[in-house]
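Read the structure below first, then the notes.
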Amino acid sequence: MWRRVASLSSSVSSSFLAQTASRLNTWESLTTGIAQQAKGVIAPKEKTPFITFVLGGPGSGKGTQCIKIVETFGFAHLSAGDLLRREIASKSADGAMILNTIKEGKIVPSQVTVKLIQKEMELSYNHKFLIDGFPRTEENRVSFERIIGVEPNVVLFFDCPEEEMVKRVLNRNEGRVDDNLETIKKRLTVFQALSLPVINYYSEKGKLYTIKAIGTEDEIFEQVRPIFAAFETVG
């Protein structure tokens, strides 16, 4: 399904470290940092943000791997899906629209999702962000870069067979509004149609790391660990 996606080696070499260092230097020059809010006072962060996008279809296991990344490398985990569901529960002006959009298996308007992500980033004391399930579309990507003003350092893509993703979603029993067979099929169709351009874009930029999302949680994480370990070595 994803034959067009470039497969990147997970081995850490001197050239990889040099490339990573170059990216971080460029990052320093392009961004002035994300503001944080505490007790009504806005203060600049001491470090520039390190942003990882985590992509994969529903049931690809990216959420479970995000937990392991957070525990191992100290990222702040921002789940686009959780933020949207929380907005629905808050009965806000956008909540009803978000609910109807999700039920139809469609993508929530980019500015709505970016606004929720931006708010969480501003409130966090962390400078490392793991943004799960975003960007889903090219419009998402462009909106994030325009509103937030930065690009991601790393993009993880959890590649998983469709039948496995369907089985995982139907078996997780977490009470999510979009965890049913009809909606999961719509979400997979949308993901395949709209997310591939995003994946290919970051592959061409040299920021994409494809993870084969089959096996135990630990086996999958062993593909993820060297990526972040390399950045920490440079930092």
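Naming works like this for the structure tokens: A, B, ... for the chains as they're shown, residue 1 at the start of each chain, ligands 1 onward in shown order.
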
Each residue of segment 64-182 of chain A with at least one atom at most 6 Å from segment 196-208 of chain A should appear once, together with its nearest atom pair and the corresponding distance in Å (one decimal); atoms considered: only C-alpha atoms; ordering: chain, then increasing residue number; output as CSV.
residue,atom,partner,partner_atom,distance
A:Glu138,CA,A:Val198,CA,5.6
A:Val154,CA,A:Lys207,CA,5.3
A:Val155,CA,A:Leu208,CA,4.8
A:Leu156,CA,A:Leu208,CA,5.9

Same residues, all heavy atoms, saved as an mmCIF file, in the first residue's frame:
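The resulting file, selection18.cif, is shown below:
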data_model
loop_
_atom_site.group_PDB
_atom_site.id
_atom_site.type_symbol
_atom_site.label_atom_id
_atom_site.label_comp_id
_atom_site.auth_asym_id
_atom_site.auth_seq_id
_atom_site.Cartn_x
_atom_site.Cartn_y
_atom_site.Cartn_z
ATOM 1 N N GLU A 138 -2.113 17.439 3.411
ATOM 2 C CA GLU A 138 -1.211 18.523 3.017
ATOM 3 C C GLU A 138 -1.695 19.857 3.576
ATOM 4 O O GLU A 138 -0.896 20.709 3.966
ATOM 5 C CB GLU A 138 -1.122 18.590 1.491
ATOM 6 C CG GLU A 138 -0.088 17.669 0.887
ATOM 7 C CD GLU A 138 1.327 18.137 1.189
ATOM 8 O OE1 GLU A 138 1.837 19.024 0.490
ATOM 9 O OE2 GLU A 138 1.928 17.607 2.154
ATOM 10 N N VAL A 154 11.514 15.390 13.063
ATOM 11 C CA VAL A 154 11.376 13.969 12.742
ATOM 12 C C VAL A 154 9.923 13.682 12.405
ATOM 13 O O VAL A 154 9.006 14.241 13.015
ATOM 14 C CB VAL A 154 11.795 13.083 13.945
ATOM 15 C CG1 VAL A 154 11.477 11.612 13.696
ATOM 16 C CG2 VAL A 154 13.281 13.261 14.241
ATOM 17 N N VAL A 155 9.714 12.803 11.411
ATOM 18 C CA VAL A 155 8.368 12.315 11.096
ATOM 19 C C VAL A 155 8.421 10.793 11.098
ATOM 20 O O VAL A 155 9.155 10.185 10.309
ATOM 21 C CB VAL A 155 7.880 12.821 9.722
ATOM 22 C CG1 VAL A 155 6.470 12.283 9.434
ATOM 23 C CG2 VAL A 155 7.889 14.344 9.672
ATOM 24 N N LEU A 156 7.672 10.177 12.011
ATOM 25 C CA LEU A 156 7.574 8.723 12.073
ATOM 26 C C LEU A 156 6.325 8.268 11.327
ATOM 27 O O LEU A 156 5.247 8.832 11.517
ATOM 28 C CB LEU A 156 7.481 8.238 13.521
ATOM 29 C CG LEU A 156 8.653 8.509 14.460
ATOM 30 C CD1 LEU A 156 8.330 7.925 15.835
ATOM 31 C CD2 LEU A 156 9.939 7.933 13.917
#

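Closest to Gly81 of chain A among A:Phe231, A:Phe191, A:Phe144, A:Phe134 is A:Phe134, based on only C-alpha atoms.
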
Might you pull out every residue within 8 Å of segment 51-65 of chain A, with only C-alpha atoms counted and same-chain residues fewer than 5 positions away left off, and present them as a PDB file with C-alpha atoms, in the first residue's frame?
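Saved the output as result.pdb:
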ATOM      1  CA  LYS A 128      10.142  18.342  22.981  1.00  0.00           C
ATOM      2  CA  PHE A 129       6.744  17.577  21.442  1.00  0.00           C
ATOM      3  CA  LEU A 130       5.440  14.287  20.080  1.00  0.00           C
ATOM      4  CA  ILE A 131       2.409  15.180  17.940  1.00  0.00           C
ATOM      5  CA  ASP A 132       0.393  12.014  17.329  1.00  0.00           C
ATOM      6  CA  GLY A 133      -1.970  11.657  14.355  1.00  0.00           C
ATOM      7  CA  PHE A 134      -1.100  14.958  12.697  1.00  0.00           C
ATOM      8  CA  PRO A 135      -0.759  16.224   9.986  1.00  0.00           C
ATOM      9  CA  ARG A 136      -3.284  14.032   8.213  1.00  0.00           C
ATOM     10  CA  GLU A 151       8.754  22.352  10.575  1.00  0.00           C
ATOM     11  CA  PRO A 152       9.143  19.008  12.369  1.00  0.00           C
ATOM     12  CA  ASN A 153      12.574  17.568  13.113  1.00  0.00           C
ATOM     13  CA  VAL A 154      11.376  13.969  12.742  1.00  0.00           C
ATOM     14  CA  VAL A 155       8.368  12.315  11.096  1.00  0.00           C
ATOM     15  CA  LEU A 156       7.574   8.723  12.073  1.00  0.00           C
ATOM     16  CA  PHE A 157       5.318   6.647   9.833  1.00  0.00           C
ATOM     17  CA  PHE A 158       3.947   3.410  11.307  1.00  0.00           C
ATOM     18  CA  ASP A 159       3.286   1.180   8.304  1.00  0.00           C
ATOM     19  CA  CYS A 160       0.759  -1.565   9.082  1.00  0.00           C
ATOM     20  CA  GLU A 164      -4.340  -5.711  11.133  1.00  0.00           C
ATOM     21  CA  MET A 165      -5.368  -2.112  11.773  1.00  0.00           C
ATOM     22  CA  VAL A 166      -9.081  -2.978  11.538  1.00  0.00           C
ATOM     23  CA  LYS A 167      -8.635  -5.887  13.964  1.00  0.00           C
ATOM     24  CA  ARG A 168      -6.761  -3.745  16.485  1.00  0.00           C
ATOM     25  CA  VAL A 169      -9.327  -0.931  16.433  1.00  0.00           C
ATOM     26  CA  ILE A 184     -12.924   2.684  10.644  1.00  0.00           C
ATOM     27  CA  ARG A 187     -11.064   6.605   8.177  1.00  0.00           C
ATOM     28  CA  LEU A 188      -8.775   4.137   6.385  1.00  0.00           C
ATOM     29  CA  PHE A 191      -6.011   8.156   5.413  1.00  0.00           C
ATOM     30  CA  ALA A 213       4.335  -1.825  12.782  1.00  0.00           C
ATOM     31  CA  GLU A 217       5.408  -3.511  21.293  1.00  0.00           C
ATOM     32  CA  ILE A 220       8.466  -2.296  17.148  1.00  0.00           C
ATOM     33  CA  PHE A 221      10.083   0.082  19.628  1.00  0.00           C
TER      34      PHE A 221
END

DSSP-assigned strand (DSSP E) members of segment 106-208 of chain A, reported as a ChimeraX atom specification:
/A:128-132,154-159,208

Could you take the residues named above and write them with C-alpha atoms, as an mmCIF file, in the first residue's frame?
data_model
loop_
_atom_site.group_PDB
_atom_site.id
_atom_site.type_symbol
_atom_site.label_atom_id
_atom_site.label_comp_id
_atom_site.auth_asym_id
_atom_site.auth_seq_id
_atom_site.Cartn_x
_atom_site.Cartn_y
_atom_site.Cartn_z
ATOM 1 C CA LYS A 128 10.142 18.342 22.981
ATOM 2 C CA PHE A 129 6.744 17.577 21.442
ATOM 3 C CA LEU A 130 5.440 14.287 20.080
ATOM 4 C CA ILE A 131 2.409 15.180 17.940
ATOM 5 C CA ASP A 132 0.393 12.014 17.329
ATOM 6 C CA VAL A 154 11.376 13.969 12.742
ATOM 7 C CA VAL A 155 8.368 12.315 11.096
ATOM 8 C CA LEU A 156 7.574 8.723 12.073
ATOM 9 C CA PHE A 157 5.318 6.647 9.833
ATOM 10 C CA PHE A 158 3.947 3.410 11.307
ATOM 11 C CA ASP A 159 3.286 1.180 8.304
ATOM 12 C CA LEU A 208 10.624 10.452 7.309
#

Which residue, A:Cys66, A:Leu123, A:Leu83, A:Met97, has the smallest gap to Arg225 of chain A when you use only C-alpha atoms?
A:Cys66

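Interatomic distance, atom CA of Ala80 of chain A against atom CA of Glu219 of chain A: 25.3 Å.
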
Report, in Å with one decimal, the straight-line distance from atom CA of Lys212 of chain A to atom CA of Ala229 of chain A.
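So the answer is 18.5 Å.
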
Among the residues A:Ala96, A:Val114, A:Val224, A:Leu194, the one that comes closest to Lys68 of chain A [using only C-alpha atoms]
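That would be A:Val224, the residue with the smallest distance to Lys68 of chain A.
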
Sel. of helix (DSSP H, G or I) residues, segment 29-177 of chain A, as a ChimeraX atom specification:
/A:29-30,62-73,80-89,95-103,110-123,138-148,162-171

Can you pull out every residue within 8 Å of Gln111 of chain A, counting only C-alpha atoms, but drop anything in the same chain fewer than 3 positions away, and send it as a VMD selection string?
chain A and resid 114 to 115 140 143

Go ahead and write the residues just picked, N, CA and C atoms, as a PDB file, in the first residue's frame.
ATOM      1  N   VAL A 114      -4.960  22.736  14.543  1.00  0.00           N
ATOM      2  CA  VAL A 114      -3.709  23.451  14.830  1.00  0.00           C
ATOM      3  C   VAL A 114      -3.881  24.364  16.039  1.00  0.00           C
ATOM      4  N   LYS A 115      -5.038  25.007  16.149  1.00  0.00           N
ATOM      5  CA  LYS A 115      -5.297  25.892  17.286  1.00  0.00           C
ATOM      6  C   LYS A 115      -5.236  25.121  18.599  1.00  0.00           C
ATOM      7  N   ASN A 140      -3.284  20.256   6.403  1.00  0.00           N
ATOM      8  CA  ASN A 140      -2.848  20.214   7.803  1.00  0.00           C
ATOM      9  C   ASN A 140      -1.395  20.657   7.923  1.00  0.00           C
ATOM     10  N   SER A 143      -0.873  24.375   7.126  1.00  0.00           N
ATOM     11  CA  SER A 143      -1.460  25.207   8.181  1.00  0.00           C
ATOM     12  C   SER A 143      -0.592  25.204   9.429  1.00  0.00           C
TER      13      SER A 143
END

Residue nearest Lys186 of chain A among A:Met121, A:Ala230, A:Ile102, A:Ile148 (counting only C-alpha atoms):
A:Ile102

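Nearest residue to Asn126 of chain A among A:Thr210, A:Glu222, A:His77, A:Ile67 is A:His77, counting only C-alpha atoms.
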
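Across A:Ala89, A:Leu99, A:Glu104, A:Ile69, the tightest approach to Gln223 of chain A is made by A:Ile69 when counting only C-alpha atoms.
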
Separation of atom CA of Glu139 of chain A from atom CA of His127 of chain A, in Å and rounded to one decimal
24.7 Å
